[in-house]
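To start, the structure itself, in structure tokens.
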Amino acid sequence: VSSVRSYHEKVLDHYQNPRNVGTLNKNDINVGTGLVGAPACGDVMRLQIQVDEETGTIKDVKFKTFGCGSAIASSSYVTELVKGKTLEEALKIKNTAIAKELSLPPVKLHCSMLAEDAIKSAVKDYRAKRLVKKPTLGPES
Ligand code: FES
Ligand code: FES
């Protein structure tokens, strides 16, 4: 039945063929790693971004989610969404937009929240790393 097929079509597609699954080198100065958990169910999502220093945009992104299908689909979708975006743009992604795109039912809203939190956490980590590693004014400069 077509209405059944369209119901979770996007969730299913992202769940069965998740995009950008994997790991980036977290020691790379241009990589930010976000690790978040959902208190509601104990699921965990790790999402990493690699930032292009020159353009300030996200040039690569990878995730690993230990969680339900909706969480996997949300993270897969969000990786497609943030690629090519600036950090500011990425920070504006709302879980409600993810949930809407994937037609998640209300009980699965927290799964998309995980994806929003993971992006925020990755950006935060990236920025913190840059602050720490940025060369300070030494005697020679
Ligand atoms: Fe644990 Fe979602 S409740 S997988
Ligand atoms: Fe917990 Fe989906 S992330 S049920």
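Chain labels run A, B, ... following the order of the structure tokens; each chain numbers its residues from 1, and ligands are numbered from 1 in the order shown.
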| said: as a list in words, please: every protein or nucleic acid residue near ligand 1 (cut-off 12 Å, counting only C-alpha atoms and all ligand atoms). | reply: Gly37, Ala38, Pro39, Ala40, Cys41, Gly42, Asp43, Val44, Met45, Thr65, Phe66, Gly67, Cys68, Gly69, Ser70, Ala71, Ile72, Ala73, Ser74, Val107, Lys108, Leu109, His110, Cys111, Ser112 and Leu114 of chain A
| task | Apply DSSP to the structure's backbone, then extract all residues of chain A labelled alpha helix (DSSP H) and return them as a PyMOL selection string. | result | chain A and resi 2-7+9-16+69-82+87-91+95-101+109-133
Convert the current residue selection to file output with C-alpha atoms, as a PDB file, in the first residue's frame.
```pdb
ATOM      1  CA  SER A   2       1.517   3.285  -1.037  1.00  0.00           C
ATOM      2  CA  SER A   3       0.557   5.203   2.114  1.00  0.00           C
ATOM      3  CA  VAL A   4       2.382   2.632   4.216  1.00  0.00           C
ATOM      4  CA  ARG A   5       5.379   2.820   1.963  1.00  0.00           C
ATOM      5  CA  SER A   6       5.579   6.596   2.183  1.00  0.00           C
ATOM      6  CA  TYR A   7       5.081   6.610   5.955  1.00  0.00           C
ATOM      7  CA  GLU A   9      10.186   5.672   3.575  1.00  0.00           C
ATOM      8  CA  LYS A  10      12.869   8.208   4.427  1.00  0.00           C
ATOM      9  CA  VAL A  11      13.589   6.749   7.838  1.00  0.00           C
ATOM     10  CA  LEU A  12      13.875   3.317   6.322  1.00  0.00           C
ATOM     11  CA  ASP A  13      16.143   4.491   3.564  1.00  0.00           C
ATOM     12  CA  HIS A  14      18.512   6.207   5.981  1.00  0.00           C
ATOM     13  CA  TYR A  15      18.283   3.297   8.381  1.00  0.00           C
ATOM     14  CA  GLN A  16      19.023   0.663   5.755  1.00  0.00           C
ATOM     15  CA  GLY A  69      16.478   3.073  13.952  1.00  0.00           C
ATOM     16  CA  SER A  70      15.217   6.614  14.299  1.00  0.00           C
ATOM     17  CA  ALA A  71      18.469   7.713  15.894  1.00  0.00           C
ATOM     18  CA  ILE A  72      20.476   6.087  13.119  1.00  0.00           C
ATOM     19  CA  ALA A  73      18.272   7.645  10.463  1.00  0.00           C
ATOM     20  CA  SER A  74      18.475  11.049  12.177  1.00  0.00           C
ATOM     21  CA  SER A  75      22.249  10.974  12.315  1.00  0.00           C
ATOM     22  CA  SER A  76      22.526   9.779   8.734  1.00  0.00           C
ATOM     23  CA  TYR A  77      20.240  12.540   7.540  1.00  0.00           C
ATOM     24  CA  VAL A  78      22.024  15.196   9.560  1.00  0.00           C
ATOM     25  CA  THR A  79      25.408  14.234   8.103  1.00  0.00           C
ATOM     26  CA  GLU A  80      24.017  14.923   4.647  1.00  0.00           C
ATOM     27  CA  LEU A  81      22.595  18.179   5.867  1.00  0.00           C
ATOM     28  CA  VAL A  82      25.754  19.641   7.405  1.00  0.00           C
ATOM     29  CA  LEU A  87      29.664  25.974  11.594  1.00  0.00           C
ATOM     30  CA  GLU A  88      27.134  28.712  12.238  1.00  0.00           C
ATOM     31  CA  GLU A  89      24.724  27.159   9.779  1.00  0.00           C
ATOM     32  CA  ALA A  90      25.261  23.716  11.262  1.00  0.00           C
ATOM     33  CA  LEU A  91      24.476  25.041  14.730  1.00  0.00           C
ATOM     34  CA  ASN A  95      15.842  18.471  15.733  1.00  0.00           C
ATOM     35  CA  THR A  96      12.274  19.405  14.834  1.00  0.00           C
ATOM     36  CA  ALA A  97      13.377  19.889  11.227  1.00  0.00           C
ATOM     37  CA  ILE A  98      15.043  16.481  11.238  1.00  0.00           C
ATOM     38  CA  ALA A  99      11.971  14.858  12.773  1.00  0.00           C
ATOM     39  CA  LYS A 100       9.740  16.528  10.235  1.00  0.00           C
ATOM     40  CA  GLU A 101      11.861  15.493   7.278  1.00  0.00           C
ATOM     41  CA  LEU A 109      11.500  13.129  18.941  1.00  0.00           C
ATOM     42  CA  HIS A 110      14.336  12.557  21.385  1.00  0.00           C
ATOM     43  CA  CYS A 111      16.084  10.427  18.761  1.00  0.00           C
ATOM     44  CA  SER A 112      16.367  13.448  16.472  1.00  0.00           C
ATOM     45  CA  MET A 113      17.392  15.540  19.482  1.00  0.00           C
ATOM     46  CA  LEU A 114      20.405  13.293  19.732  1.00  0.00           C
ATOM     47  CA  ALA A 115      21.450  14.344  16.227  1.00  0.00           C
ATOM     48  CA  GLU A 116      21.051  18.042  16.992  1.00  0.00           C
ATOM     49  CA  ASP A 117      23.037  17.655  20.196  1.00  0.00           C
ATOM     50  CA  ALA A 118      25.739  15.658  18.412  1.00  0.00           C
ATOM     51  CA  ILE A 119      26.330  18.420  15.867  1.00  0.00           C
ATOM     52  CA  LYS A 120      26.485  21.053  18.594  1.00  0.00           C
ATOM     53  CA  SER A 121      28.872  18.921  20.594  1.00  0.00           C
ATOM     54  CA  ALA A 122      31.140  18.365  17.567  1.00  0.00           C
ATOM     55  CA  VAL A 123      31.309  22.094  16.802  1.00  0.00           C
ATOM     56  CA  LYS A 124      32.048  22.843  20.431  1.00  0.00           C
ATOM     57  CA  ASP A 125      34.858  20.299  20.481  1.00  0.00           C
ATOM     58  CA  TYR A 126      36.313  21.664  17.257  1.00  0.00           C
ATOM     59  CA  ARG A 127      36.313  25.222  18.611  1.00  0.00           C
ATOM     60  CA  ALA A 128      37.778  24.202  21.956  1.00  0.00           C
ATOM     61  CA  LYS A 129      40.566  22.314  20.229  1.00  0.00           C
ATOM     62  CA  ARG A 130      41.446  25.265  18.025  1.00  0.00           C
ATOM     63  CA  LEU A 131      41.584  27.549  21.044  1.00  0.00           C
ATOM     64  CA  VAL A 132      43.955  25.293  22.896  1.00  0.00           C
ATOM     65  CA  LYS A 133      46.218  24.506  19.971  1.00  0.00           C
TER      66      LYS A 133
END
```
| said: Calculated over only C-alpha atoms and all ligand atoms, which of the candidates A:Pro18, A:Asn27, A:Val61, A:Val36 has the smallest distance to ligand 2? | reply: A:Val36
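Distance-wise, CA of His8 in chain A and atom 2 (Fe, counted along the ligand's line) of ligand 2 end up 14.5 Å apart.
Going from CA of Lys92 in chain A over to CA of Lys59 in chain A, you cover 17.3 Å.
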Set the distance at 10 Å and use only C-alpha atoms: which residues neighbour Thr55 in chain A once local chain neighbours fewer than 6 positions away are removed? I'd like the list as a PDB file with C-alpha atoms, in the first residue's frame.
```pdb
ATOM      1  CA  GLY A  84      29.316  22.005   2.972  1.00  0.00           C
ATOM      2  CA  LYS A  85      27.743  24.190   5.647  1.00  0.00           C
ATOM      3  CA  THR A  86      29.512  26.696   7.878  1.00  0.00           C
TER       4      THR A  86
END
```
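Taking CA of Ser103 in chain A and CA of Asn17 in chain A as endpoints, the distance between them is 17.2 Å.
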| message | Which of range 59-135 of chain A end up as strand (DSSP E or B) when DSSP is run on this backbone - answer as a list in words? | response |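 Restricting range 59-135 of chain A to strand (DSSP E or B) produces Lys59, Asp60, Val61, Lys62, Phe63, Lys64, Thr65, Phe66 and Thr86 of chain A.
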